[in-house]
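Student: Sharing model.cif (mmCIF, C-alpha atoms) below.
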```
data_start
loop_
_atom_site.label_atom_id
_atom_site.label_comp_id
_atom_site.auth_asym_id
_atom_site.auth_seq_id
_atom_site.Cartn_x
_atom_site.Cartn_y
_atom_site.Cartn_z
CA MET A 181 120.35 125.20 133.89
CA LYS A 182 122.04 126.02 130.61
CA ASN A 183 122.69 122.33 130.01
CA LEU A 184 119.07 121.45 130.64
CA LEU A 185 117.92 124.11 128.23
CA ASN A 186 120.36 122.81 125.62
CA PHE A 187 119.04 119.31 126.15
CA PHE A 188 115.44 120.32 125.47
CA GLU A 189 116.55 122.47 122.55
CA ASN A 190 118.19 119.42 120.97
CA ILE A 191 115.05 117.33 121.42
CA GLY A 192 112.91 120.07 119.94
CA ASN A 193 115.27 120.55 117.03
CA ALA A 194 115.40 116.84 116.25
CA PHE A 195 111.62 116.61 116.43
CA SER A 196 110.87 119.66 114.28
CA SER A 197 113.42 118.77 111.61
CA ARG A 198 111.93 115.29 111.30
CA ALA A 199 108.41 116.67 111.19
CA LEU A 200 109.55 119.08 108.48
CA ARG A 201 110.97 116.20 106.41
CA LEU A 202 107.80 114.17 106.87
CA GLY A 203 105.75 117.15 105.73
CA ALA A 204 107.99 117.68 102.70
CA ALA A 205 107.69 113.98 101.79
CA THR A 206 103.89 114.17 102.06
CA ARG A 207 103.91 117.30 99.90
CA LEU A 208 106.00 115.44 97.31
CA PHE A 209 103.46 112.58 97.39
CA PHE A 210 100.56 114.95 96.62
CA LEU A 211 102.59 116.71 93.92
CA ILE A 212 103.22 113.32 92.31
CA LEU A 213 99.49 112.59 92.31
CA VAL A 214 98.77 116.01 90.78
CA TYR A 215 101.39 115.57 88.02
CA SER A 216 100.50 111.91 87.36
CA ALA A 217 98.08 112.83 84.56
CA ASP A 218 100.91 114.66 82.74
CA SER A 219 103.29 111.75 83.14
CA PHE A 220 100.72 109.19 81.93
CA LYS A 221 100.57 111.08 78.62
CA ARG A 222 104.14 109.86 78.13
CA ILE A 223 103.53 106.27 79.19
CA HIS A 224 106.84 105.08 77.71
CA LEU A 225 108.65 106.89 80.53
CA THR A 226 106.83 104.70 83.08
CA ILE A 227 107.39 101.55 81.02
CA ARG A 228 111.11 102.35 80.89
CA GLU A 229 111.17 102.58 84.68
CA ILE A 230 109.18 99.35 85.07
CA TYR A 231 111.93 97.74 83.00
CA PHE A 232 114.68 99.08 85.29
CA THR A 233 112.94 98.46 88.63
CA GLY A 234 110.95 95.33 87.73
CA VAL A 235 112.53 93.30 84.97
CA MET A 236 116.06 93.87 86.28
CA SER A 237 114.95 92.74 89.79
CA LEU A 238 113.48 89.47 88.48
CA ILE A 239 116.65 87.41 88.90
CA ILE A 240 117.30 88.38 92.51
CA ILE A 241 113.60 87.90 93.39
CA ILE A 242 113.33 84.46 91.77
CA VAL A 243 116.61 83.13 93.17
CA SER A 244 115.98 84.35 96.72
CA ALA A 245 112.34 83.17 96.65
CA PHE A 246 113.45 79.70 95.61
CA PHE A 247 115.94 79.48 98.47
CA VAL A 248 113.50 80.92 101.02
CA GLY A 249 110.91 78.33 99.95
CA MET A 250 113.42 75.49 100.21
CA VAL A 251 114.58 76.58 103.68
CA LEU A 252 110.95 76.86 104.85
CA GLY A 253 110.34 73.36 103.56
CA LEU A 254 113.35 71.91 105.38
CA GLN A 255 112.76 73.73 108.67
CA GLY A 256 109.02 73.08 108.60
CA TYR A 257 109.52 69.38 107.94
CA TYR A 258 112.01 69.08 110.81
CA THR A 259 109.43 70.35 113.32
CA LEU A 260 106.26 68.91 111.78
CA GLN A 261 107.55 65.33 111.51
CA LYS A 262 107.98 65.30 115.32
CA TYR A 263 104.19 65.60 115.55
CA GLY A 264 103.56 63.17 112.72
CA SER A 265 101.96 65.75 110.47
CA SER A 266 104.57 66.27 107.78
CA GLU A 267 101.79 66.58 105.16
CA ALA A 268 100.95 69.99 106.63
CA ILE A 269 104.26 71.27 105.25
CA GLY A 270 102.50 72.60 102.12
CA VAL A 271 100.15 74.69 104.25
CA LEU A 272 103.04 76.02 106.31
CA VAL A 273 105.14 77.03 103.31
CA ALA A 274 102.21 78.56 101.40
CA LEU A 275 100.74 80.53 104.31
CA ALA A 276 104.13 81.84 105.45
CA LEU A 277 104.96 83.00 101.93
CA VAL A 278 101.61 84.38 100.83
CA ARG A 279 100.79 86.20 104.05
CA GLU A 280 104.16 87.46 105.27
CA LEU A 281 107.40 86.54 103.58
CA GLY A 282 106.31 87.21 100.00
CA PRO A 283 105.37 90.87 100.44
CA VAL A 284 107.94 91.69 103.17
CA VAL A 285 111.07 90.06 101.73
CA THR A 286 110.22 91.35 98.25
CA ALA A 287 109.87 94.88 99.64
CA LEU A 288 113.17 94.61 101.53
CA LEU A 289 114.96 93.36 98.42
CA PHE A 290 113.24 96.02 96.35
CA ALA A 291 114.41 98.75 98.73
CA GLY A 292 117.97 97.48 98.45
CA ARG A 293 117.97 96.77 94.73
CA ALA A 294 115.75 99.48 93.20
CA GLY A 295 115.21 102.04 95.97
CA THR A 296 118.91 102.85 96.30
CA ALA A 297 119.25 103.16 92.52
CA ILE A 298 116.37 105.65 92.42
CA THR A 299 117.84 107.73 95.26
CA ALA A 300 121.33 107.79 93.77
CA GLU A 301 120.05 108.64 90.30
CA ILE A 302 117.83 111.51 91.43
CA GLY A 303 120.42 112.77 93.93
CA LEU A 304 123.03 112.86 91.19
CA MET A 305 120.62 114.54 88.77
CA LYS A 306 120.09 117.21 91.39
CA ALA A 307 123.84 117.54 92.13
CA THR A 308 124.62 118.04 88.43
CA GLU A 309 121.72 120.53 88.20
CA GLN A 310 119.80 118.52 85.60
CA LEU A 311 116.59 119.06 87.53
CA SER A 312 117.08 122.84 87.59
CA ALA A 313 117.85 122.78 83.86
CA MET A 314 114.54 121.03 83.23
CA GLU A 315 112.68 123.64 85.22
CA MET A 316 114.41 126.32 83.13
CA MET A 317 113.01 124.67 80.01
CA ALA A 318 109.52 124.71 81.62
CA VAL A 319 109.53 120.92 81.95
CA SER A 320 108.29 119.84 85.36
CA PRO A 321 110.87 117.42 86.85
CA ILE A 322 108.07 115.89 88.91
CA ALA A 323 106.02 114.98 85.85
CA ARG A 324 109.04 113.93 83.81
CA ILE A 325 111.34 112.21 86.37
CA ILE A 326 109.60 111.58 89.70
CA ALA A 327 106.05 110.47 88.84
CA PRO A 328 107.05 107.76 86.30
CA ARG A 329 109.42 106.23 88.88
CA PHE A 330 106.69 106.33 91.52
CA TRP A 331 104.11 104.55 89.38
CA ALA A 332 106.69 102.06 88.17
CA GLY A 333 107.43 101.14 91.80
CA VAL A 334 103.75 100.87 92.73
CA ILE A 335 102.99 98.65 89.72
CA THR A 336 106.12 96.54 90.05
CA MET A 337 105.89 95.62 93.73
CA PRO A 338 102.70 93.47 93.70
CA ILE A 339 103.91 91.70 90.55
CA LEU A 340 107.28 90.92 92.15
CA ALA A 341 105.59 89.79 95.39
CA SER A 342 103.27 87.41 93.50
CA ILE A 343 106.25 85.96 91.64
CA PHE A 344 108.13 85.62 94.94
CA SER A 345 105.27 83.72 96.61
CA MET A 346 104.72 81.41 93.65
CA VAL A 347 108.42 80.60 93.18
CA GLY A 348 108.77 80.13 96.96
CA VAL A 349 105.94 77.59 96.99
CA LEU A 350 107.65 75.77 94.13
CA GLY A 351 110.90 75.80 96.14
CA GLY A 352 109.06 74.31 99.12
CA TYR A 353 107.55 71.71 96.78
CA VAL A 354 110.98 70.72 95.44
CA VAL A 355 112.28 70.08 98.95
CA ALA A 356 109.14 68.45 100.34
CA VAL A 357 108.03 66.12 97.54
CA PRO A 358 111.01 64.84 95.52
CA VAL A 359 113.72 65.25 98.19
CA ILE A 360 111.99 64.40 101.48
CA GLY A 361 109.21 62.29 100.04
CA VAL A 362 106.02 63.89 101.34
CA ASP A 363 102.99 62.69 99.42
CA GLU A 364 102.37 65.02 96.48
CA GLY A 365 98.57 64.87 96.63
CA ALA A 366 98.50 65.65 100.36
CA PHE A 367 100.96 68.52 99.82
CA TRP A 368 98.71 70.35 97.34
CA SER A 369 95.30 69.38 98.72
CA GLN A 370 96.09 70.45 102.30
CA MET A 371 97.45 73.69 100.88
CA GLN A 372 94.29 74.33 98.87
CA ALA A 373 92.06 73.46 101.82
CA ASN A 374 93.75 75.96 104.12
CA VAL A 375 94.82 78.91 101.94
CA ASP A 376 91.89 81.24 101.40
CA PHE A 377 91.89 83.41 98.27
CA ARG A 378 90.28 86.48 99.84
CA PHE A 379 91.85 86.39 103.32
CA ASP A 380 95.34 85.20 102.46
CA ILE A 381 96.23 85.94 98.84
CA VAL A 382 94.35 89.23 98.34
CA ASN A 383 95.59 90.56 101.69
CA GLY A 384 99.15 89.72 100.63
CA VAL A 385 98.68 91.70 97.42
CA ILE A 386 97.24 94.66 99.36
CA LYS A 387 100.28 94.58 101.62
CA SER A 388 102.68 94.63 98.68
CA VAL A 389 100.88 97.60 97.09
CA VAL A 390 101.23 99.58 100.34
CA PHE A 391 104.92 98.61 100.62
CA GLY A 392 105.42 99.67 97.01
CA ILE A 393 104.00 103.13 97.71
CA ALA A 394 106.05 103.53 100.92
CA CYS A 395 109.35 102.28 99.42
CA THR A 396 109.22 104.40 96.27
CA ILE A 397 108.12 107.57 98.07
CA ILE A 398 110.98 107.20 100.56
CA ALA A 399 113.54 106.55 97.80
CA LEU A 400 112.29 109.46 95.69
CA PHE A 401 112.14 111.88 98.59
CA GLU A 402 115.60 111.01 99.86
CA GLY A 403 117.02 111.57 96.37
CA PHE A 404 115.11 114.80 95.92
CA ASP A 405 116.13 116.03 99.37
CA ALA A 406 119.80 115.00 99.20
CA PRO A 407 122.46 117.73 99.55
CA PRO A 408 124.00 118.20 96.08
CA THR A 409 127.38 116.71 97.00
CA ALA A 410 128.95 113.27 96.66
CA GLU A 411 128.73 112.78 100.41
CA GLY A 412 125.12 113.97 100.51
CA VAL A 413 124.07 111.47 97.83
CA SER A 414 125.85 108.60 99.57
CA ARG A 415 124.20 109.47 102.91
CA ALA A 416 120.80 109.75 101.24
CA THR A 417 121.25 106.29 99.70
CA THR A 418 122.04 104.80 103.08
CA ARG A 419 119.04 106.53 104.63
CA THR A 420 116.79 105.11 101.90
CA VAL A 421 117.67 101.55 102.85
CA VAL A 422 117.36 102.14 106.61
CA THR A 423 114.12 104.13 106.46
CA SER A 424 112.47 101.85 103.89
CA SER A 425 113.31 98.71 105.88
CA LEU A 426 111.95 100.16 109.11
CA ALA A 427 108.86 101.51 107.35
CA ILE A 428 108.18 98.12 105.72
CA LEU A 429 108.44 96.20 108.99
CA ALA A 430 106.37 98.73 110.96
CA LEU A 431 103.70 98.95 108.24
CA ASP A 432 103.63 95.16 108.08
CA PHE A 433 102.70 94.98 111.75
CA VAL A 434 99.99 97.65 111.39
CA LEU A 435 98.50 96.07 108.26
CA THR A 436 98.57 92.55 109.72
CA SER A 437 96.82 93.64 112.92
CA PHE A 438 94.10 95.37 110.87
CA MET A 439 93.69 92.36 108.56
CA ILE A 440 93.49 89.84 111.39
CA SER A 441 91.03 91.86 113.45
CA GLY A 442 88.90 92.85 110.45
CA MET B 103 117.92 100.01 74.13
CA ASP B 104 115.26 100.39 71.46
CA LYS B 105 111.70 100.89 72.50
CA ILE B 106 110.16 97.69 71.12
CA LYS B 107 112.58 95.43 72.98
CA LEU B 108 111.88 97.38 76.19
CA ASP B 109 108.14 96.97 75.74
CA ALA B 110 108.59 93.26 75.10
CA TRP B 111 110.55 92.77 78.31
CA VAL B 112 108.00 94.69 80.36
CA GLY B 113 105.24 92.66 78.70
CA ILE B 114 106.98 89.41 79.64
CA PHE B 115 107.45 90.70 83.20
CA VAL B 116 103.76 91.60 83.62
CA ALA B 117 102.73 88.27 82.07
CA ILE B 118 104.89 86.32 84.53
CA GLY B 119 103.32 88.34 87.35
CA ILE B 120 99.78 87.55 86.21
CA ILE B 121 100.64 83.86 85.75
CA SER B 122 102.05 83.76 89.29
CA LEU B 123 98.95 85.38 90.73
CA LEU B 124 96.71 82.96 88.82
CA GLY B 125 98.91 80.10 90.01
CA LEU B 126 98.54 81.28 93.59
CA ALA B 127 94.77 81.56 93.21
CA MET B 128 94.24 78.22 91.47
CA LYS B 129 97.00 75.92 92.66
CA VAL B 130 97.78 77.29 96.14
CA GLY B 131 94.49 78.93 97.10
CA ASN B 132 90.96 77.60 97.16
CA LEU B 133 89.47 79.58 94.32
CA THR B 134 88.66 76.47 92.31
CA SER B 135 88.16 73.79 94.91
CA ASN B 136 85.13 75.12 96.76
CA ASP B 137 83.36 77.66 94.65
CA ILE B 138 80.12 77.72 96.58
CA ARG B 139 78.30 80.45 94.74
CA GLU B 140 74.56 80.20 95.38
CA THR B 141 73.56 79.19 98.85
CA TYR B 142 70.51 78.97 101.06
CA MET B 143 70.67 79.69 104.76
CA VAL B 144 69.33 77.54 107.57
CA THR B 145 69.80 77.96 111.31
CA ALA B 146 70.42 75.47 114.07
CA ASN B 147 70.35 75.91 117.85
CA PHE B 148 73.01 74.34 120.03
CA GLU B 149 73.37 74.25 123.80
CA ASN B 150 77.14 74.22 123.42
CA ILE B 151 79.11 74.83 120.25
CA GLY B 152 82.54 74.05 121.72
CA GLY B 153 85.20 75.60 119.47
CA LEU B 154 83.07 76.05 116.33
CA LYS B 155 83.99 79.19 114.39
CA PRO B 156 82.46 81.17 111.52
CA ARG B 157 83.59 79.84 108.08
CA ALA B 158 83.98 76.34 109.55
CA PRO B 159 82.99 73.64 107.04
CA VAL B 160 79.59 71.98 106.97
CA LYS B 161 79.82 68.40 105.78
CA GLY B 162 77.33 65.82 104.61
CA ALA B 163 78.81 62.31 104.65
CA GLY B 164 82.24 63.95 104.79
CA VAL B 165 81.73 66.11 101.69
CA VAL B 166 81.90 69.87 102.22
CA VAL B 167 78.41 71.16 101.34
CA GLY B 168 78.53 74.59 102.97
CA ARG B 169 80.06 76.90 105.55
CA VAL B 170 79.09 78.32 108.92
CA ASN B 171 78.01 81.92 108.29
CA SER B 172 77.62 83.35 111.79
CA ILE B 173 77.26 82.29 115.40
CA ILE B 174 75.25 84.39 117.84
CA PHE B 175 74.15 83.92 121.42
CA ASP B 176 70.40 84.06 122.02
CA THR B 177 69.89 85.98 125.27
CA GLU B 178 66.27 84.81 125.67
CA ALA B 179 66.74 81.08 125.41
CA TYR B 180 70.45 81.04 126.40
CA HIS B 181 71.65 78.93 123.54
CA ALA B 182 73.82 79.49 120.48
CA VAL B 183 72.16 80.17 117.10
CA VAL B 184 74.37 79.01 114.24
CA SER B 185 73.56 80.20 110.70
CA ILE B 186 74.72 77.83 107.96
CA ASP B 187 75.06 78.54 104.24
CA ILE B 188 74.45 75.39 102.22
CA ASP B 189 75.19 75.12 98.51
CA LYS B 190 71.99 75.23 96.40
CA ARG B 191 73.07 72.03 94.62
CA TYR B 192 72.57 70.03 97.81
CA VAL B 193 69.15 69.51 99.38
CA PHE B 194 68.48 68.00 102.78
CA PRO B 195 65.18 66.76 104.28
CA LYS B 196 63.48 68.83 106.99
CA ASP B 197 64.33 66.39 109.79
CA THR B 198 68.09 66.49 109.11
CA PHE B 199 70.27 65.96 112.15
CA ALA B 200 73.07 68.50 112.81
CA ASN B 201 76.05 67.40 114.92
CA ILE B 202 79.21 69.23 115.89
CA TYR B 203 82.19 66.98 115.30
CA THR B 204 85.93 67.40 115.70
CA ALA B 205 88.31 66.56 112.85
CA GLY B 206 90.86 64.28 114.48
CA LEU B 207 91.43 64.36 118.21
CA LEU B 208 92.48 68.00 118.46
CA GLY B 209 91.56 69.33 115.02
CA GLU B 210 89.10 72.02 113.96
CA GLN B 211 85.41 71.56 114.60
CA TYR B 212 82.82 71.23 111.86
CA ILE B 213 79.11 70.57 111.49
CA GLY B 214 78.09 67.17 110.16
CA LEU B 215 74.63 66.86 108.60
CA GLU B 216 72.84 63.51 108.67
CA ALA B 217 69.82 63.29 106.41
CA GLY B 218 66.52 62.15 107.88
CA GLY B 219 63.54 60.65 106.09
CA ASP B 220 61.17 63.61 105.64
CA GLU B 221 59.54 64.13 102.24
CA LYS B 222 59.96 67.92 102.38
CA ASN B 223 63.35 69.57 102.04
CA LEU B 224 64.95 72.37 104.03
CA GLN B 225 64.24 75.83 102.59
CA GLN B 226 65.87 79.25 102.97
CA GLY B 227 65.41 80.43 106.57
CA ASP B 228 64.37 77.04 108.02
CA ARG B 229 65.58 75.82 111.38
CA ILE B 230 67.17 72.43 112.00
CA THR B 231 65.45 71.17 115.14
CA GLN B 232 67.48 68.06 115.90
CA THR B 233 71.01 68.97 116.99
CA GLN B 234 73.75 67.43 119.02
CA ASP B 235 76.23 69.58 120.91
CA ALA B 236 79.99 69.57 120.68
CA VAL B 237 81.75 67.05 122.89
CA VAL B 238 83.57 68.97 125.58
CA LEU B 239 86.66 67.04 126.61
CA GLU B 240 86.55 68.23 130.25
CA LYS B 241 82.97 67.00 130.67
CA LEU B 242 83.89 63.64 129.22
CA ILE B 243 86.86 63.27 131.56
CA SER B 244 84.87 64.30 134.65
CA GLN B 245 82.08 61.86 133.75
CA PHE B 246 84.65 59.13 133.40
CA LEU B 247 86.24 60.00 136.75
CA TYR B 248 82.83 60.09 138.53
CA SER B 249 81.84 56.73 137.12
CA LYS B 250 85.19 55.27 138.18
CA ALA B 251 84.76 56.68 141.68
CA SER B 252 81.22 55.28 142.00
CA GLU B 253 82.43 51.85 140.85
CA GLU B 254 84.99 51.70 143.61
CA GLU B 255 82.54 52.51 146.40
#
```
Written as structure tokens, how would this file's structure read?
Tutor:
Amino acid sequence: MKNLLNFFENIGNAFSSRALRLGAATRLFFLILVYSADSFKRIHLTIREIYFTGVMSLIIIIVSAFFVGMVLGLQGYYTLQKYGSSEAIGVLVALALVRELGPVVTALLFAGRAGTAITAEIGLMKATEQLSAMEMMAVSPIARIIAPRFWAGVITMPILASIFSMVGVLGGYVVAVPVIGVDEGAFWSQMQANVDFRFDIVNGVIKSVVFGIACTIIALFEGFDAPPTAEGVSRATTRTVVTSSLAILALDFVLTSFMISG
Amino acid sequence: MDKIKLDAWVGIFVAIGIISLLGLAMKVGNLTSNDIRETYMVTANFENIGGLKPRAPVKGAGVVVGRVNSIIFDTEAYHAVVSIDIDKRYVFPKDTFANIYTAGLLGEQYIGLEAGGDEKNLQQGDRITQTQDAVVLEKLISQFLYSKASEEE
């Protein structure tokens, strides 16, 4: 009897603590929106963060996109040539990148490259009591530290995803046309005939904006919520990667099912 | 790092992003290739549309001249009513023939328009009276089998 009670107590505790964290994260999200006007008055803070999250991520995004595109080209050709339709390789590479891989892989890389940096930075700021010091000086840490990082993430993600898709298509082109020898005209014309601007490209951009919001909010909240110790910050950084990755993949499924049905 | 250099890098970053998006729209997507802006709508009735879907191409002599807008089932006459948007640049006579064809053996289905000889042209809201249904592969096979069987008797 005692064991059973303990068992349910554990479930209840796990549930309520998670619900509490979700509520706190949502509260942080609304606070960011409220303080956004203040942080836009100092636009250079946001630009600085775009530099650190966006420009510094360019190399990893471009290199991985190129390889992803080349692999898609090789694998696609291997299967398509069995059915004698190797010209459709352009469509395959472009649709896979624009609809799925572009936004999702970019978001996963972003969570690993920029999300962890945000969490560690804010967690450390909290551990060294820089955030409390700001509050003492009547400077809102949300307007000064959190909101610029949030907007930088939201602006950066669609840009990075577009770059990823474009570079990936070029990678697929390099493998398909000069290396394998697919006809260049067929490669591009089949692609243009089958990739729709509104239903494929715009939906991909919408996805990446949603991923940008989710990734940055998770990274910011984990940093803000981290226990002010070395161990706490390291755990929070790990949680950022795990939670962001799961959130991206789950959101991807939800968004795709809405976009396909609608 | 000084502020101007930072701004420059962010500017370059945003510019690359916009170029990529434009590249996707123009080179990968179909924003340039079929900008059908102004259209007029005509309808056509079919007994069987096969696998025709909304947004399927409408072709005249193989050139894409429009798209299928919607397909509804008429519960009074029990046939399919297909609405077609045709680009304003292309005019067709009133007695145009509408067929449902298949691209390749197993490809997507599209509507092919064959111009007739009428003096008047199709207007917004007109109905194409002469239509030919989609070829259903099962029907074709069963017809072939029946004719084979009757030959052998």
Student: Measuring atom to atom with only C-alpha atoms, identify which of A:Leu254, A:Ala291, A:Leu225, A:Leu213 is nearest to chain B.
Tutor: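 Between A:Leu254, A:Ala291, A:Leu225, A:Leu213, the residue approaching chain B most closely is A:Leu225.
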Student: Residues picked by the PyMOL selection byres ((chain A) within 6 of (chain B)) here, as a tab-separated table (two decimals) with C-alpha atoms, in the coordinates of the input?
Tutor:
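And here is the file that came out, expr.tsv:
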```
chain	number	residue	atom	x	y	z
A	231	TYR	CA	111.93	97.74	83.00
A	235	VAL	CA	112.53	93.30	84.97
A	339	ILE	CA	103.91	91.70	90.55
A	342	SER	CA	103.27	87.41	93.50
A	343	ILE	CA	106.25	85.96	91.64
A	346	MET	CA	104.72	81.41	93.65
A	371	MET	CA	97.45	73.69	100.88
A	372	GLN	CA	94.29	74.33	98.87
A	375	VAL	CA	94.82	78.91	101.94
A	376	ASP	CA	91.89	81.24	101.40
A	377	PHE	CA	91.89	83.41	98.27
```
Student: Leaving out B:Val184 and any residue of its chain fewer than 6 positions from it, which residues lie within 9 Å of it when counting only C-alpha atoms, given as a list in words?
Tutor: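 Here the qualifying residues turn out to be Val144, Thr145, Ala146, Asn147, Phe148, Ile151, Pro156, Val170, Asn171, Ser172, Ile173, Ile174 and Phe175 of chain B.
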Student: Ranking A:Ser388, A:Ser424, A:Ser437, A:Thr409 by minimum distance to A:Leu281 and counting all atoms listed in the file, which one comes first?
Tutor: A:Ser388
Student: Please, what distance in Å, to one decimal, runs between atom CA of B:Glu240 and atom CA of A:Gly264?
Tutor: 24.9 Å
Student: Rank A:Ile223, A:Leu288, A:Ala406, A:Ile298 by their smallest atom-to-atom distance to A:Val422, using only C-alpha atoms, and report the top residue only.
Tutor: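 Selected residue with least distance to A:Val422: A:Leu288.
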Student: I'd like the neighbourhood of B:Val193 as an MDAnalysis selection string, where a residue qualifies if any of its atoms comes within 12 Å (using only C-alpha atoms), though same-chain residues fewer than 6 positions away should be ignored.
Tutor: chainID B and resid 141:144 162 167:168 187 215:218 220:226
Student: Hey, can you spit out that residue selection with C-alpha atoms as a JSON list (two decimals), keeping the file's coordinate frame?
Tutor:
```
[["chain", "number", "residue", "atom", "x", "y", "z"],
["B", 141, "THR", "CA", 73.56, 79.19, 98.85],
["B", 142, "TYR", "CA", 70.51, 78.97, 101.06],
["B", 143, "MET", "CA", 70.67, 79.69, 104.76],
["B", 144, "VAL", "CA", 69.33, 77.54, 107.57],
["B", 162, "GLY", "CA", 77.33, 65.82, 104.61],
["B", 167, "VAL", "CA", 78.41, 71.16, 101.34],
["B", 168, "GLY", "CA", 78.53, 74.59, 102.97],
["B", 187, "ASP", "CA", 75.06, 78.54, 104.24],
["B", 215, "LEU", "CA", 74.63, 66.86, 108.60],
["B", 216, "GLU", "CA", 72.84, 63.51, 108.67],
["B", 217, "ALA", "CA", 69.82, 63.29, 106.41],
["B", 218, "GLY", "CA", 66.52, 62.15, 107.88],
["B", 220, "ASP", "CA", 61.17, 63.61, 105.64],
["B", 221, "GLU", "CA", 59.54, 64.13, 102.24],
["B", 222, "LYS", "CA", 59.96, 67.92, 102.38],
["B", 223, "ASN", "CA", 63.35, 69.57, 102.04],
["B", 224, "LEU", "CA", 64.95, 72.37, 104.03],
["B", 225, "GLN", "CA", 64.24, 75.83, 102.59],
["B", 226, "GLN", "CA", 65.87, 79.25, 102.97]]
```
Student: Return as JSON the centre and edge lengths, in Å with one decimal, of the box along x, y and z that encloses every atom of stretch 211-222 of chain B in the file, padded by 4 Å per side.
Tutor:
```
{"center_x": 72.5, "center_y": 66.1, "center_z": 108.4, "size_x": 33.9, "size_y": 18.9, "size_z": 20.4}
```
Student: At a cut-off of 6 Å, using all atoms listed in the file, what residues contact stretch 399-405 of chain A? Leave out same-chain residues fewer than 3 positions from it and give the result as number ranges by chain.
Tutor: A: 205, 295, 299, 302-303, 396, 416, 420
Student: Go through A:Thr286, A:Ser312, A:Asn190, A:Ser197 and flag the residue nearest A:Gly384, using only C-alpha atoms for the distances.
Tutor: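 Smallest distance to A:Gly384 is found for A:Thr286.
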Student: One decimal, Å: what's the distance from atom CA of A:Asn374 over to atom CA of A:Phe246, could you say?
Tutor: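 Atom-to-atom, atom CA of A:Asn374 to atom CA of A:Phe246, that is 21.8 Å.
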Student: Applied to this file, what does the PyMOL selection byres ((chain B and resi 239) around 12) return in terms of residues, put as a list of chain:residue names?
Tutor: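 Checked against the file, the PyMOL selection byres ((chain B and resi 239) around 12) matches B:Gly152, B:Gly153, B:Thr204, B:Leu207, B:Leu208, B:Ala236, B:Val237, B:Val238, B:Glu240, B:Lys241, B:Leu242, B:Ile243, B:Ser244, B:Gln245, B:Phe246.
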Student: Atoms to include: C-alpha atoms. Write the selected residues as a PDB file, in the frame of the given file.
Tutor:
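The resulting file, out_25.pdb, is shown below:
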```pdb
ATOM      1  CA  GLY B 152      82.540  74.050 121.720  1.00  0.00           C
ATOM      2  CA  GLY B 153      85.200  75.600 119.470  1.00  0.00           C
ATOM      3  CA  THR B 204      85.930  67.400 115.700  1.00  0.00           C
ATOM      4  CA  LEU B 207      91.430  64.360 118.210  1.00  0.00           C
ATOM      5  CA  LEU B 208      92.480  68.000 118.460  1.00  0.00           C
ATOM      6  CA  ALA B 236      79.990  69.570 120.680  1.00  0.00           C
ATOM      7  CA  VAL B 237      81.750  67.050 122.890  1.00  0.00           C
ATOM      8  CA  VAL B 238      83.570  68.970 125.580  1.00  0.00           C
ATOM      9  CA  GLU B 240      86.550  68.230 130.250  1.00  0.00           C
ATOM     10  CA  LYS B 241      82.970  67.000 130.670  1.00  0.00           C
ATOM     11  CA  LEU B 242      83.890  63.640 129.220  1.00  0.00           C
ATOM     12  CA  ILE B 243      86.860  63.270 131.560  1.00  0.00           C
ATOM     13  CA  SER B 244      84.870  64.300 134.650  1.00  0.00           C
ATOM     14  CA  GLN B 245      82.080  61.860 133.750  1.00  0.00           C
ATOM     15  CA  PHE B 246      84.650  59.130 133.400  1.00  0.00           C
TER      16      PHE B 246
END
```
Student: Can you work out which one of A:Phe290, A:Phe379, A:Phe391, A:Tyr353 has the shortest atom-to-atom distance to A:Gly256, counting all atoms listed in the file?
Tutor: A:Tyr353
Student: Atom CA of A:Tyr258 and atom CA of A:Leu277 are how many Å apart?
Tutor: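 Interatomic distance here is 18.0 Å.
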Student: Report the residues retrieved by the PyMOL selection byres ((chain A and resi 323) around 9) from the displayed file, expressed as JSON, numbers by chain.
Tutor: {"A": [211, 212, 214, 215, 216, 217, 218, 219, 220, 319, 320, 321, 322, 324, 325, 326, 327, 328]}
Student: May I have the residues within 9 Å of A:Ile335 as number ranges by chain, using only C-alpha atoms and disregarding those fewer than 6 positions away in the same chain?
Tutor: A: 230, 234, 389, 392
Student: Hey, which of B:Asp176, B:Glu140, B:Asp197, B:Glu210 ends up closest to B:Pro159? Count all atoms listed in the file.
Tutor: B:Glu210
Student: Using all atoms listed in the file, determine which residues lie at most 10 Å from A:Val390, disregarding the query and same-chain residues fewer than 5 positions distant; provide the list as a PyMOL selection string.
Tutor: chain A and resi 283+287+334+337-338+385+395+428+431-432+435
